[in-house]
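entry13.txt (compact mmCIF, C-alpha atoms)
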# COMPACT_ATOMS: atom_id res chain seq x y z
CA MET A 1 17.15 129.68 -104.42
CA ALA A 2 20.05 128.79 -106.72
CA VAL A 3 20.89 132.45 -107.39
CA ALA A 4 20.62 133.32 -103.69
CA SER A 5 22.95 130.47 -102.81
CA ALA A 6 25.49 131.38 -105.49
CA THR A 7 25.57 135.06 -104.49
CA MET A 8 25.33 134.35 -100.74
CA THR A 9 22.26 136.56 -100.54
CA PRO A 10 19.79 135.93 -97.69
CA LEU A 11 16.55 134.50 -99.02
CA SER A 12 13.16 134.57 -97.36
CA THR A 13 11.87 131.04 -96.73
CA GLU A 14 8.33 132.12 -97.50
CA ALA A 15 6.85 129.97 -100.25
CA PRO A 16 6.22 131.80 -103.54
CA SER A 17 2.74 132.98 -104.42
CA ASN A 18 0.58 130.55 -106.34
CA ARG A 19 -1.29 133.42 -108.03
CA LEU A 20 0.04 132.65 -111.53
CA LEU A 21 -0.94 128.99 -111.22
CA GLN A 22 -4.46 130.01 -110.14
CA LEU A 23 -4.79 132.42 -113.09
CA VAL A 24 -3.71 129.75 -115.58
CA ALA A 25 -6.16 127.24 -114.08
CA LYS A 26 -8.99 129.78 -114.26
CA GLY A 27 -8.08 130.63 -117.86
CA ILE A 28 -8.18 126.98 -118.87
CA ALA A 29 -11.53 126.55 -117.10
CA VAL A 30 -12.97 129.54 -119.01
CA GLU A 31 -11.69 128.18 -122.34
CA ARG A 32 -13.34 124.83 -121.66
CA ASP A 33 -16.58 126.54 -120.70
CA GLU A 34 -16.49 128.52 -123.95
CA ALA A 35 -15.81 125.35 -125.91
CA SER A 36 -18.78 123.59 -124.30
CA ARG A 37 -21.01 126.53 -125.31
CA GLY A 38 -19.71 126.48 -128.87
CA VAL A 39 -17.56 129.59 -128.54
CA SER A 40 -14.48 129.40 -130.76
CA SER A 41 -11.31 128.94 -128.75
CA THR A 42 -7.82 127.57 -129.35
CA ALA A 43 -7.91 123.84 -128.65
CA LEU A 44 -5.81 122.96 -125.63
CA PHE A 45 -5.67 119.26 -126.31
CA ASN A 46 -5.46 117.99 -129.86
CA SER A 47 -3.55 115.50 -131.98
CA ALA A 48 -0.66 117.93 -132.40
CA SER A 49 -0.13 118.05 -128.64
CA GLY A 50 0.44 114.33 -128.48
CA VAL A 51 -2.59 113.66 -126.27
CA LEU A 52 -4.72 110.74 -127.40
CA SER A 53 -8.35 111.49 -128.12
CA GLY A 54 -10.44 111.02 -125.02
CA TYR A 55 -7.47 110.29 -122.80
CA GLY A 56 -4.93 112.26 -120.84
CA ALA A 57 -6.58 115.67 -120.46
CA LEU A 58 -5.88 116.82 -116.92
CA PRO A 59 -8.86 117.78 -114.77
CA VAL A 60 -8.29 121.41 -113.84
CA ALA A 61 -9.75 122.89 -110.67
CA PRO A 62 -10.40 126.61 -111.16
CA ASN A 63 -9.80 127.26 -107.45
CA TYR A 64 -7.46 125.63 -104.97
CA VAL A 65 -8.09 125.16 -101.27
CA ASP A 66 -6.14 127.85 -99.42
CA PHE A 67 -4.30 125.88 -96.74
CA SER A 68 -2.40 129.00 -95.67
CA ALA A 69 -5.49 129.92 -93.65
CA VAL A 70 -5.64 126.55 -91.90
CA HIS A 71 -4.71 127.95 -88.46
CA GLU A 72 -7.41 130.63 -88.64
CA THR A 73 -10.09 128.14 -89.68
CA ARG A 74 -13.01 128.10 -87.26
CA GLY A 75 -16.60 126.97 -87.34
CA ALA A 76 -18.39 123.95 -88.67
CA SER A 77 -16.65 121.42 -90.87
CA LYS A 78 -18.02 120.51 -94.27
CA ILE A 79 -20.08 117.36 -94.72
CA PHE A 80 -18.57 114.63 -96.86
CA PRO A 81 -21.23 113.36 -99.29
CA LYS A 82 -22.67 109.88 -98.88
CA HIS A 83 -21.16 107.20 -101.11
CA GLU A 84 -22.30 103.81 -102.28
CA THR A 85 -19.83 100.97 -102.64
CA ARG A 86 -19.61 97.76 -104.63
CA HIS A 87 -17.22 94.83 -104.80
CA VAL A 88 -16.06 95.03 -108.42
CA SER A 89 -13.34 92.38 -108.67
CA GLU A 90 -11.03 90.09 -106.79
CA HIS A 91 -7.38 89.10 -107.10
CA LYS A 92 -6.07 85.64 -106.17
CA ASN A 93 -4.00 87.12 -103.36
CA VAL A 94 -3.74 90.39 -101.38
CA ALA A 95 -4.67 93.50 -103.42
CA ARG A 96 -1.71 95.75 -102.57
CA CYS A 97 -2.09 98.98 -104.58
CA ALA A 98 -4.33 101.00 -106.91
CA ARG A 99 -4.02 104.04 -109.19
CA PHE A 100 -6.41 106.14 -111.29
CA SER A 101 -5.44 107.58 -114.66
CA GLN A 102 -5.15 111.37 -114.63
CA ASP A 103 -8.43 111.84 -116.47
CA GLY A 104 -10.18 109.45 -114.07
CA LYS A 105 -11.34 107.12 -116.86
CA PHE A 106 -9.25 104.10 -115.86
CA LEU A 107 -8.20 102.35 -112.69
CA ALA A 108 -5.43 99.80 -112.20
CA THR A 109 -4.86 97.50 -109.23
CA GLY A 110 -1.82 95.39 -108.38
CA SER A 111 -1.66 92.24 -106.29
CA ALA A 112 0.62 89.90 -104.38
CA ASP A 113 -0.46 87.29 -106.97
CA THR A 114 1.76 89.31 -109.42
CA SER A 115 -1.19 90.31 -111.61
CA ILE A 116 -2.41 93.77 -112.62
CA LYS A 117 -6.06 94.47 -113.40
CA LEU A 118 -7.17 97.41 -115.52
CA PHE A 119 -10.73 98.73 -115.07
CA GLU A 120 -12.78 101.08 -117.19
CA ILE A 121 -14.60 103.42 -114.78
CA SER A 122 -17.67 103.84 -117.02
CA LYS A 123 -18.15 100.06 -116.94
CA ILE A 124 -17.82 99.96 -113.14
CA LYS A 125 -20.58 102.58 -112.89
CA GLN A 126 -22.72 100.65 -115.35
CA MET A 127 -22.22 97.55 -113.23
CA MET A 128 -23.23 99.43 -110.06
CA VAL A 129 -26.52 100.71 -111.47
CA GLY A 130 -27.38 97.25 -112.78
CA ASP A 131 -27.71 98.25 -116.41
CA THR A 132 -27.31 94.76 -117.87
CA LYS A 133 -29.54 94.77 -120.97
CA ASP A 134 -26.73 93.24 -123.00
CA GLY A 135 -25.69 90.70 -120.37
CA PRO A 136 -23.27 91.01 -117.44
CA VAL A 137 -20.98 94.04 -117.44
CA ARG A 138 -17.29 93.21 -117.09
CA PRO A 139 -15.41 96.23 -115.72
CA VAL A 140 -11.98 94.55 -115.94
CA ILE A 141 -10.85 95.25 -119.52
CA ARG A 142 -7.23 93.98 -119.25
CA THR A 143 -5.26 91.68 -116.97
CA PHE A 144 -1.47 91.74 -117.15
CA TYR A 145 0.83 88.95 -115.99
CA ASP A 146 4.53 89.68 -116.27
CA HIS A 147 6.01 90.10 -112.79
CA LEU A 148 7.60 87.35 -110.74
CA GLN A 149 6.87 88.90 -107.34
CA PRO A 150 4.17 91.10 -105.71
CA ILE A 151 3.25 94.47 -107.24
CA ASN A 152 4.05 97.49 -105.03
CA ASP A 153 2.85 100.49 -107.04
CA LEU A 154 1.40 101.64 -110.37
CA ASP A 155 1.17 104.80 -112.46
CA PHE A 156 -0.39 105.93 -115.74
CA HIS A 157 1.53 107.88 -118.37
CA PRO A 158 0.17 111.47 -118.42
CA GLN A 159 -0.51 111.44 -122.20
CA ASN A 160 -0.34 107.93 -123.63
CA THR A 161 -2.12 104.64 -122.96
CA ILE A 162 0.80 103.27 -120.98
CA LEU A 163 0.70 101.83 -117.48
CA ILE A 164 3.83 101.18 -115.42
CA SER A 165 4.27 98.92 -112.41
CA GLY A 166 6.98 98.55 -109.78
CA ALA A 167 7.45 95.23 -108.00
CA LYS A 168 9.48 93.25 -105.51
CA ASP A 169 11.26 91.52 -108.42
CA ASN A 170 13.35 94.73 -108.85
CA THR A 171 11.66 95.68 -112.12
CA ILE A 172 9.55 98.48 -113.58
CA LYS A 173 7.39 97.24 -116.45
CA PHE A 174 5.60 99.15 -119.20
CA PHE A 175 2.22 97.94 -120.49
CA ASP A 176 0.36 99.34 -123.50
CA PHE A 177 -3.32 99.02 -122.60
CA SER A 178 -4.54 100.19 -126.03
CA LYS A 179 -3.74 96.67 -127.32
CA THR A 180 -6.48 94.22 -126.45
CA VAL A 181 -4.37 91.08 -126.76
CA ALA A 182 -1.15 92.21 -125.01
CA ARG A 183 -0.73 90.57 -121.64
CA ARG A 184 2.97 91.20 -121.14
CA ALA A 185 5.18 94.27 -120.83
CA PHE A 186 6.65 95.80 -123.98
CA ARG A 187 9.51 97.45 -122.05
CA VAL A 188 11.29 96.60 -118.81
CA ILE A 189 13.61 98.56 -116.53
CA GLN A 190 15.77 96.28 -114.40
CA ASP A 191 16.55 98.09 -111.16
CA THR A 192 19.03 96.96 -108.50
CA HIS A 193 16.53 97.04 -105.64
CA ASN A 194 12.95 96.18 -104.69
CA VAL A 195 10.84 98.86 -106.44
CA ARG A 196 8.41 100.17 -103.82
CA SER A 197 6.97 103.18 -105.66
CA VAL A 198 6.79 104.60 -109.19
CA CYS A 199 5.69 107.97 -110.54
CA PHE A 200 5.77 109.60 -113.99
CA HIS A 201 7.00 113.15 -114.44
CA PRO A 202 4.08 115.31 -115.75
CA SER A 203 5.86 115.51 -119.13
CA GLY A 204 5.93 111.71 -119.39
CA GLU A 205 9.62 111.88 -120.33
CA TYR A 206 10.94 110.74 -116.96
CA LEU A 207 9.88 108.54 -114.09
CA LEU A 208 10.92 108.19 -110.47
CA ALA A 209 11.37 104.93 -108.60
CA GLY A 210 11.40 104.73 -104.83
CA THR A 211 13.25 101.56 -103.84
CA ASP A 212 15.08 99.90 -100.97
CA HIS A 213 17.90 102.30 -101.87
CA PRO A 214 17.69 105.54 -99.79
CA ILE A 215 17.74 107.85 -102.85
CA ALA A 216 15.03 107.91 -105.52
CA HIS A 217 16.13 106.60 -108.93
CA LEU A 218 15.32 108.98 -111.80
CA TYR A 219 14.95 107.28 -115.18
CA ASP A 220 14.86 108.78 -118.66
CA VAL A 221 11.92 106.97 -120.27
CA ASN A 222 13.50 107.07 -123.73
CA THR A 223 17.06 105.97 -122.89
CA PHE A 224 16.44 104.14 -119.58
CA LYS A 225 19.47 105.94 -118.14
CA CYS A 226 19.34 106.18 -114.35
CA TYR A 227 20.29 109.34 -112.43
CA LEU A 228 20.92 109.81 -108.71
CA SER A 229 21.13 112.92 -106.55
CA ALA A 230 24.68 114.17 -105.96
CA ASN A 231 24.19 115.22 -102.32
CA VAL A 232 23.51 111.74 -100.95
CA GLN A 233 26.23 111.83 -98.27
CA GLU A 234 24.89 115.05 -96.76
CA LEU A 235 21.51 113.46 -95.99
CA ASN A 236 22.85 110.85 -93.59
CA THR A 237 20.13 108.39 -94.53
CA ASN A 238 20.25 104.69 -95.23
CA SER A 239 16.56 103.95 -95.31
CA ALA A 240 14.26 102.61 -98.04
CA ILE A 241 11.72 104.86 -99.75
CA ASN A 242 8.09 103.82 -99.33
CA GLN A 243 6.60 106.36 -101.71
CA VAL A 244 7.70 108.98 -104.23
CA ARG A 245 5.39 111.50 -105.93
CA TYR A 246 5.93 114.46 -108.29
CA SER A 247 4.27 117.83 -107.77
CA SER A 248 1.69 118.88 -110.39
CA SER A 249 4.25 120.87 -112.40
CA GLY A 250 7.14 118.44 -111.92
CA SER A 251 9.26 121.18 -110.33
CA MET A 252 9.55 119.11 -107.14
CA TYR A 253 9.11 115.59 -105.89
CA VAL A 254 8.59 114.21 -102.39
CA THR A 255 9.75 110.98 -100.74
CA ALA A 256 8.38 109.17 -97.68
CA SER A 257 10.99 106.93 -96.06
CA LYS A 258 11.08 103.97 -93.70
CA ASP A 259 13.10 106.03 -91.19
CA GLY A 260 10.06 108.31 -90.70
CA SER A 261 11.42 111.18 -92.79
CA VAL A 262 9.68 113.19 -95.51
CA ARG A 263 11.98 114.94 -98.00
CA VAL A 264 11.25 117.44 -100.77
CA TRP A 265 13.58 117.42 -103.80
CA ASP A 266 14.19 119.85 -106.64
CA GLY A 267 12.67 118.30 -109.77
CA VAL A 268 15.46 119.58 -112.05
CA SER A 269 18.66 119.24 -110.01
CA ALA A 270 17.47 116.28 -107.86
CA GLN A 271 18.90 118.06 -104.82
CA CYS A 272 17.13 117.70 -101.47
CA VAL A 273 15.70 121.16 -100.67
CA ARG A 274 13.68 120.31 -97.55
CA SER A 275 14.30 117.44 -95.15
CA ILE A 276 11.72 116.81 -92.42
CA VAL A 277 13.57 114.27 -90.29
CA GLY A 278 11.35 112.28 -87.96
CA ALA A 279 8.17 113.57 -89.59
CA HIS A 280 6.54 110.43 -88.19
CA MET A 281 9.00 110.03 -85.33
CA SER A 282 11.13 106.90 -85.70
CA VAL A 283 8.47 104.81 -87.45
CA GLU A 284 7.85 104.59 -91.20
CA ALA A 285 6.46 107.43 -93.29
CA THR A 286 4.26 105.43 -95.65
CA SER A 287 2.90 108.02 -98.08
CA ALA A 288 3.49 111.63 -99.14
CA THR A 289 1.84 113.76 -101.79
CA PHE A 290 1.72 117.45 -102.79
CA THR A 291 -1.35 119.64 -102.77
CA LYS A 292 -2.31 120.83 -106.25
CA GLU A 293 -0.72 124.25 -105.80
CA GLN A 294 2.47 122.59 -104.52
CA ARG A 295 2.89 124.63 -101.33
CA TYR A 296 2.02 121.79 -98.95
CA VAL A 297 2.70 118.07 -98.54
CA LEU A 298 0.33 115.55 -96.97
CA SER A 299 2.06 112.62 -95.28
CA CYS A 300 0.94 109.46 -93.51
CA GLY A 301 2.90 107.21 -91.16
CA LYS A 302 2.86 104.13 -88.98
CA ASP A 303 2.55 106.36 -85.91
CA SER A 304 -1.18 106.54 -86.79
CA THR A 305 -0.98 110.19 -87.82
CA VAL A 306 -1.69 112.10 -91.01
CA LYS A 307 0.13 115.44 -91.28
CA LEU A 308 0.10 118.52 -93.50
CA TRP A 309 3.48 120.25 -93.96
CA GLU A 310 4.40 123.61 -95.48
CA VAL A 311 7.04 123.02 -98.17
CA GLY A 312 8.69 126.45 -97.88
CA THR A 313 9.44 126.18 -94.15
CA GLY A 314 9.00 122.51 -93.24
CA ARG A 315 6.46 123.67 -90.66
CA LEU A 316 3.74 121.28 -89.44
CA VAL A 317 0.46 122.94 -90.37
CA ARG A 318 -2.15 120.40 -89.29
CA GLN A 319 -2.45 116.89 -87.81
CA TYR A 320 -5.32 114.55 -88.58
CA LEU A 321 -5.86 112.02 -85.78
CA GLY A 322 -8.23 109.13 -85.13
CA ALA A 323 -7.17 106.46 -87.66
CA THR A 324 -4.92 103.63 -86.50
CA HIS A 325 -2.31 102.49 -89.02
CA THR A 326 0.74 100.77 -87.56
CA GLN A 327 1.08 97.63 -89.67
CA PHE A 328 0.55 98.29 -93.37
CA ARG A 329 1.84 100.80 -95.92
CA SER A 330 -1.25 102.97 -95.48
CA GLN A 331 -2.08 105.98 -97.59
CA ALA A 332 -3.70 109.29 -96.78
CA VAL A 333 -5.21 110.98 -99.85
CA PHE A 334 -7.14 114.12 -100.73
CA ASN A 335 -10.48 113.96 -102.47
CA GLU A 336 -10.66 115.58 -105.90
CA THR A 337 -11.35 119.08 -104.50
CA GLU A 338 -8.82 118.76 -101.63
CA GLU A 339 -11.58 119.70 -99.16
CA PHE A 340 -11.33 116.30 -97.46
CA ILE A 341 -8.67 113.75 -96.53
CA LEU A 342 -9.29 109.99 -96.53
CA SER A 343 -7.40 107.16 -94.87
CA ILE A 344 -7.92 103.69 -93.35
CA ASP A 345 -8.30 102.52 -89.75
CA GLU A 346 -6.63 99.09 -89.53
CA LEU A 347 -8.27 98.13 -86.21
CA THR A 348 -11.87 98.73 -87.29
CA ASN A 349 -11.55 98.27 -91.09
CA GLU A 350 -13.15 101.68 -91.54
CA VAL A 351 -12.61 104.52 -94.00
CA ILE A 352 -11.85 107.68 -92.00
CA ILE A 353 -12.57 111.13 -93.48
CA TRP A 354 -11.43 114.53 -92.17
CA ASP A 355 -12.21 118.09 -93.15
CA ALA A 356 -8.84 119.17 -94.61
CA LEU A 357 -9.00 122.72 -93.22
CA THR A 358 -10.44 122.18 -89.73
CA GLY A 359 -8.81 118.80 -89.10
CA GLU A 360 -12.10 117.50 -87.71
CA LYS A 361 -13.08 113.89 -88.34
CA VAL A 362 -16.35 114.11 -90.31
CA ALA A 363 -17.08 110.46 -91.14
CA ARG A 364 -16.21 106.86 -90.25
CA TRP A 365 -17.57 104.36 -92.75
CA PRO A 366 -17.36 100.55 -92.60
CA SER A 367 -15.10 99.58 -95.50
CA ASN A 368 -17.12 96.38 -96.14
CA HIS A 369 -13.81 94.55 -96.60
CA VAL A 370 -13.53 91.24 -94.76
CA GLY A 371 -9.81 91.87 -94.15
CA THR A 372 -7.96 95.12 -93.53
CA PRO A 373 -7.88 97.48 -96.54
CA ARG A 374 -4.26 97.93 -97.65
CA TRP A 375 -4.74 100.88 -99.98
CA ILE A 376 -7.07 103.79 -100.65
CA GLU A 377 -6.90 105.94 -103.79
CA HIS A 378 -9.17 108.82 -104.80
CA SER A 379 -10.12 109.74 -108.35
CA PRO A 380 -8.56 113.03 -109.52
CA ALA A 381 -11.62 113.82 -111.62
CA GLU A 382 -14.75 113.09 -109.57
CA SER A 383 -16.20 112.12 -106.21
CA ALA A 384 -15.12 108.46 -106.31
CA PHE A 385 -12.44 106.34 -104.69
CA VAL A 386 -11.26 102.75 -104.45
CA THR A 387 -10.18 100.51 -101.56
CA CYS A 388 -8.41 97.16 -101.79
CA GLY A 389 -6.80 94.89 -99.28
CA THR A 390 -5.97 91.66 -97.51
CA ASP A 391 -9.31 90.07 -98.44
CA ARG A 392 -8.10 90.24 -102.09
CA SER A 393 -11.10 92.34 -103.12
CA VAL A 394 -11.36 95.66 -104.95
CA ARG A 395 -14.23 97.95 -103.89
CA PHE A 396 -15.30 101.03 -105.83
CA TRP A 397 -16.99 103.95 -104.03
CA LYS A 398 -18.97 106.68 -105.76
CA GLU A 399 -21.10 109.53 -104.51
CA SER A 400 -24.73 108.56 -104.05
CA VAL A 401 -27.10 110.35 -106.38

Starting from the file, lay out its structure as C-alpha cells.
Amino acid sequence: MAVASATMTPLSTEAPSNRLLQLVAKGIAVERDEASRGVSSTALFNSASGVLSGYGALPVAPNYVDFSAVHETRGASKIFPKHETRHVSEHKNVARCARFSQDGKFLATGSADTSIKLFEISKIKQMMVGDTKDGPVRPVIRTFYDHLQPINDLDFHPQNTILISGAKDNTIKFFDFSKTVARRAFRVIQDTHNVRSVCFHPSGEYLLAGTDHPIAHLYDVNTFKCYLSANVQELNTNSAINQVRYSSSGSMYVTASKDGSVRVWDGVSAQCVRSIVGAHMSVEATSATFTKEQRYVLSCGKDSTVKLWEVGTGRLVRQYLGATHTQFRSQAVFNETEEFILSIDELTNEVIIWDALTGEKVARWPSNHVGTPRWIEHSPAESAFVTCGTDRSVRFWKESV
C-alpha cells in the first residue's frame, strides 16, 4: 500500500491471501505433534526465546475458519457444546472486565472496587469437579490493589508473567504475578486521560491504550515514550475509544469508538488505513477484535448488533442479531475455534451464541448472574469462557464432559 501510494499506482483493495499464515500454522502444529510423539524437532519455545517455562506459548490453530465464504454458507448451523458453569469468586463491587492469558492458563478480572483478581484455570477446574481431598480449593492466587478508581481493562504480556491494567484514574499499571507477596504495581504509566482499554503488541515491546482521547496512545514498554498517529486531523473525530486490540501478527490494530466508528490502523506507521464511520450508527461501538487470520473484524455496539467486517474493503459481511445491549460496554467474542460468536443479552441476562458462518442464533443460556453480566471473555486455548457483571460475581463456564 505504501509503495502504491508513493508511485501513484492503482492498487486492488482485495485483502492479501492468508496462505502463508496457514502454512506456518500447519507447520508449527506438525512440529508439536512430532514432539509429542518423541520425534526430534527444533524446539519452538525454549529459554533462549525468552518464553518462561509453561507460560506464554501461543495456541496455534492448524486451520482458520474461512469467512470469505460466509455469503455462500447454506444449510444447518453447528451445535454449540453444552457447558457447565460455577460461581468462582466475587468482588466487592461491579466486576467490569476479564482477560485470559494467551496460553489459557490464567484469568484476571477487574472491578469497580479497584481490585484485580488473578485465577489459575487448573484450580478453577479442580474446584468445579469437587476434588477437595486436601481441603477447599482456592482458585484466586493473587489479588492486586493499586488503583484509585475502577478498572476498565486488562491484558497479559505475551511472554512474561506480567499483567497490565487500565483504569479511570488515568493510569496503566504493571503487576508481576510470579511474585507471591507483591500486591502493588512495579511500574506505572501515567496517562492524561481515563484509560478505557489496554492491549500488548504480540512482541511484548509495545502496548496500546484506548482512552477518552480520540487517538490510541502507543507506548514503548521499555522507555514509556508515548506516540500518536500523525493523521489525526484527517479523521475528523473527537470521540473516546472504548476498545483497542492488535491483530495476531501486530501488523494492524483496531479501535471501537464512542461515536459508533470502527477504525483499522497500520501497526507500524500508526496511520488509519480503514475507517468504518457509523459502523454502529450514531451509538457507541463497544468492542472490536480481529479474526486470527486478520482479514476480518468483529464488532459490537449499543445498537444491539454484532457485525463482521472485511478489513480490505470495509464491507459488512455478516450481522448477528437477537441480543439486546444498549446500556453497558458489551463485548462480542469468538470461541477458540472461531466457529461461534458469544455475547450478552442485557434484558434477559442470557448468554447468546451464534454460528459465525451462518449467522444463526444457536443457543440462549441463562447466565445465572443475579444482575446483568457486564463482560464476556472466551479462552483462546479451550472451550471455556467467563462472565462477570453488576452482581459482582465471576462465573466460569467449561464444556461439559

Can you list, as a PyMOL selection string, every protein, DNA or RNA residue that comes within 10 Å of A:Ser400 when you count only C-alpha atoms, leaving out same-chain residues fewer than 4 positions away? chain A and resi 81-85+383-384

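If only C-alpha atoms are the atoms counted, then among A:Val244, A:Met1, A:Ala270, A:Cys97 the closest residue to A:Thr289 is A:Val244.
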
I need every residue sitting at most 6 Å from the point (3.6, 88.2, -109.7) (coordinates as in the file, only C-alpha atoms considered), written as a PyMOL selection string. chain A and resi 113-115+147-150

Between atom CA of A:Gly260 and atom CA of A:Lys302, what distance in Å does the model show, to one decimal? 8.5 Å

Rounded to one decimal, what separation in Å do you get between atom CA of A:Ala332 and atom CA of A:Ser251? 22.2 Å

Axis-aligned box for stretch 280-294 of chain A, 6 Å per side, centre and edges in Å as lines of an AutoDock Vina configuration file:
center_x = 4.4
center_y = 114.4
center_z = -95.8
size_x = 25.4
size_y = 31.7
size_z = 32.9

Can you work out which one of A:Ala240, A:Arg183, A:Leu357, A:Phe224 has the shortest atom-to-atom distance to A:Val195, counting only C-alpha atoms? A:Ala240

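Minimum atom-to-atom distance to A:Ser257, evaluated using only C-alpha atoms, belongs to A:Arg329 out of A:Trp309, A:Arg374, A:Arg329, A:Asp220.
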
Just to confirm, what's the straight-line distance from atom CA of A:Val88 to atom CA of A:Pro136 in Å (one decimal)? 12.2 Å

Taking 4 positions as the minimum chain separation for residues in the same chain, which residues sit within 6 Å of A:Asn170 when counting all atoms listed in the file? Answer as number ranges by chain. A: 191, 193-195

Selection export as a CSV table (one decimal), in the frame of the given file, atoms kept: C-alpha atoms:
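Okay, this is what ended up in part.csv:
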chain,number,residue,atom,x,y,z
A,191,ASP,CA,16.6,98.1,-111.2
A,193,HIS,CA,16.5,97.0,-105.6
A,194,ASN,CA,13.0,96.2,-104.7
A,195,VAL,CA,10.8,98.9,-106.4

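The residue that comes closest to A:Cys199, out of A:Arg99, A:Lys179, A:Arg263, A:Arg295 and on the basis of all atoms listed in the file, is A:Arg99.
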
Excluding A:Phe80 and residues on its chain fewer than 6 positions from it, collect all residues at most 10 Å away from it, counting all atoms listed in the file, and give them as a ChimeraX atom specification. /A:335,339-341,353-355,362-363,383,399

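Each of A:His91, A:His378, A:His325, A:His217 was compared to A:Gly104 using only C-alpha atoms, and A:His378 turns out to be the nearest.
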
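Between A:Gly204 and the residues A:Asp169, A:Asn242, A:Ser249, A:Ser178, the shortest atom-to-atom distance, using all atoms listed in the file, involves A:Ser249.
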
Near A:Ser197, counting all atoms listed in the file, which residues have an atom at most 7 Å away, once you skip same-chain residues fewer than 5 positions from it, shown as a ChimeraX atom specification? /A:152-153,166,209-211,242-244

At a cut-off of 12 Å from (22.1, 121.7, -112.8) in the coordinates of the file, what residues are picked up using only C-alpha atoms, written as a ChimeraX atom specification? /A:2,229-230,266-271

Please produce stretch 164-178 of chain A, completed to N, CA, C and O atoms, as a PDB file, in the coordinates of the input.
ATOM      1  N   ILE A 164       2.603 101.770-115.943  1.00  0.00           N
ATOM      2  CA  ILE A 164       3.830 101.180-115.420  1.00  0.00           C
ATOM      3  C   ILE A 164       3.572 100.572-114.044  1.00  0.00           C
ATOM      4  O   ILE A 164       2.661 100.986-113.326  1.00  0.00           O
ATOM      5  N   SER A 165       4.396  99.585-113.704  1.00  0.00           N
ATOM      6  CA  SER A 165       4.270  98.920-112.410  1.00  0.00           C
ATOM      7  C   SER A 165       5.653  98.706-111.816  1.00  0.00           C
ATOM      8  O   SER A 165       6.618  98.444-112.531  1.00  0.00           O
ATOM      9  N   GLY A 166       5.749  98.845-110.495  1.00  0.00           N
ATOM     10  CA  GLY A 166       6.980  98.550-109.780  1.00  0.00           C
ATOM     11  C   GLY A 166       6.732  97.383-108.851  1.00  0.00           C
ATOM     12  O   GLY A 166       5.673  97.305-108.213  1.00  0.00           O
ATOM     13  N   ALA A 167       7.698  96.461-108.756  1.00  0.00           N
ATOM     14  CA  ALA A 167       7.450  95.230-108.000  1.00  0.00           C
ATOM     15  C   ALA A 167       8.670  94.786-107.204  1.00  0.00           C
ATOM     16  O   ALA A 167       9.774  95.315-107.350  1.00  0.00           O
ATOM     17  N   LYS A 168       8.425  93.789-106.360  1.00  0.00           N
ATOM     18  CA  LYS A 168       9.480  93.250-105.510  1.00  0.00           C
ATOM     19  C   LYS A 168      10.546  92.491-106.303  1.00  0.00           C
ATOM     20  O   LYS A 168      11.584  92.141-105.764  1.00  0.00           O
ATOM     21  N   ASP A 169      10.275  92.218-107.594  1.00  0.00           N
ATOM     22  CA  ASP A 169      11.260  91.520-108.420  1.00  0.00           C
ATOM     23  C   ASP A 169      12.288  92.484-109.021  1.00  0.00           C
ATOM     24  O   ASP A 169      12.996  92.138-109.973  1.00  0.00           O
ATOM     25  N   ASN A 170      12.365  93.721-108.449  1.00  0.00           N
ATOM     26  CA  ASN A 170      13.350  94.730-108.850  1.00  0.00           C
ATOM     27  C   ASN A 170      13.135  95.271-110.268  1.00  0.00           C
ATOM     28  O   ASN A 170      14.081  95.754-110.893  1.00  0.00           O
ATOM     29  N   THR A 171      11.915  95.196-110.766  1.00  0.00           N
ATOM     30  CA  THR A 171      11.660  95.680-112.120  1.00  0.00           C
ATOM     31  C   THR A 171      10.557  96.729-112.164  1.00  0.00           C
ATOM     32  O   THR A 171       9.685  96.782-111.292  1.00  0.00           O
ATOM     33  N   ILE A 172      10.632  97.566-113.214  1.00  0.00           N
ATOM     34  CA  ILE A 172       9.550  98.480-113.580  1.00  0.00           C
ATOM     35  C   ILE A 172       9.124  98.044-114.979  1.00  0.00           C
ATOM     36  O   ILE A 172       9.962  97.978-115.886  1.00  0.00           O
ATOM     37  N   LYS A 173       7.849  97.746-115.152  1.00  0.00           N
ATOM     38  CA  LYS A 173       7.390  97.240-116.450  1.00  0.00           C
ATOM     39  C   LYS A 173       6.378  98.186-117.082  1.00  0.00           C
ATOM     40  O   LYS A 173       5.567  98.816-116.399  1.00  0.00           O
ATOM     41  N   PHE A 174       6.442  98.255-118.412  1.00  0.00           N
ATOM     42  CA  PHE A 174       5.600  99.150-119.200  1.00  0.00           C
ATOM     43  C   PHE A 174       4.569  98.317-119.965  1.00  0.00           C
ATOM     44  O   PHE A 174       4.941  97.409-120.719  1.00  0.00           O
ATOM     45  N   PHE A 175       3.295  98.651-119.799  1.00  0.00           N
ATOM     46  CA  PHE A 175       2.220  97.940-120.490  1.00  0.00           C
ATOM     47  C   PHE A 175       1.439  98.912-121.356  1.00  0.00           C
ATOM     48  O   PHE A 175       1.076 100.002-120.908  1.00  0.00           O
ATOM     49  N   ASP A 176       1.168  98.532-122.596  1.00  0.00           N
ATOM     50  CA  ASP A 176       0.360  99.340-123.500  1.00  0.00           C
ATOM     51  C   ASP A 176      -1.071  98.802-123.439  1.00  0.00           C
ATOM     52  O   ASP A 176      -1.372  97.741-123.981  1.00  0.00           O
ATOM     53  N   PHE A 177      -1.963  99.542-122.771  1.00  0.00           N
ATOM     54  CA  PHE A 177      -3.320  99.020-122.600  1.00  0.00           C
ATOM     55  C   PHE A 177      -4.260  99.366-123.752  1.00  0.00           C
ATOM     56  O   PHE A 177      -5.458  99.076-123.710  1.00  0.00           O
ATOM     57  N   SER A 178      -3.707  99.973-124.839  1.00  0.00           N
ATOM     58  CA  SER A 178      -4.540 100.190-126.030  1.00  0.00           C
ATOM     59  C   SER A 178      -4.655  98.892-126.835  1.00  0.00           C
ATOM     60  O   SER A 178      -5.566  98.741-127.652  1.00  0.00           O
TER      61      SER A 178
END
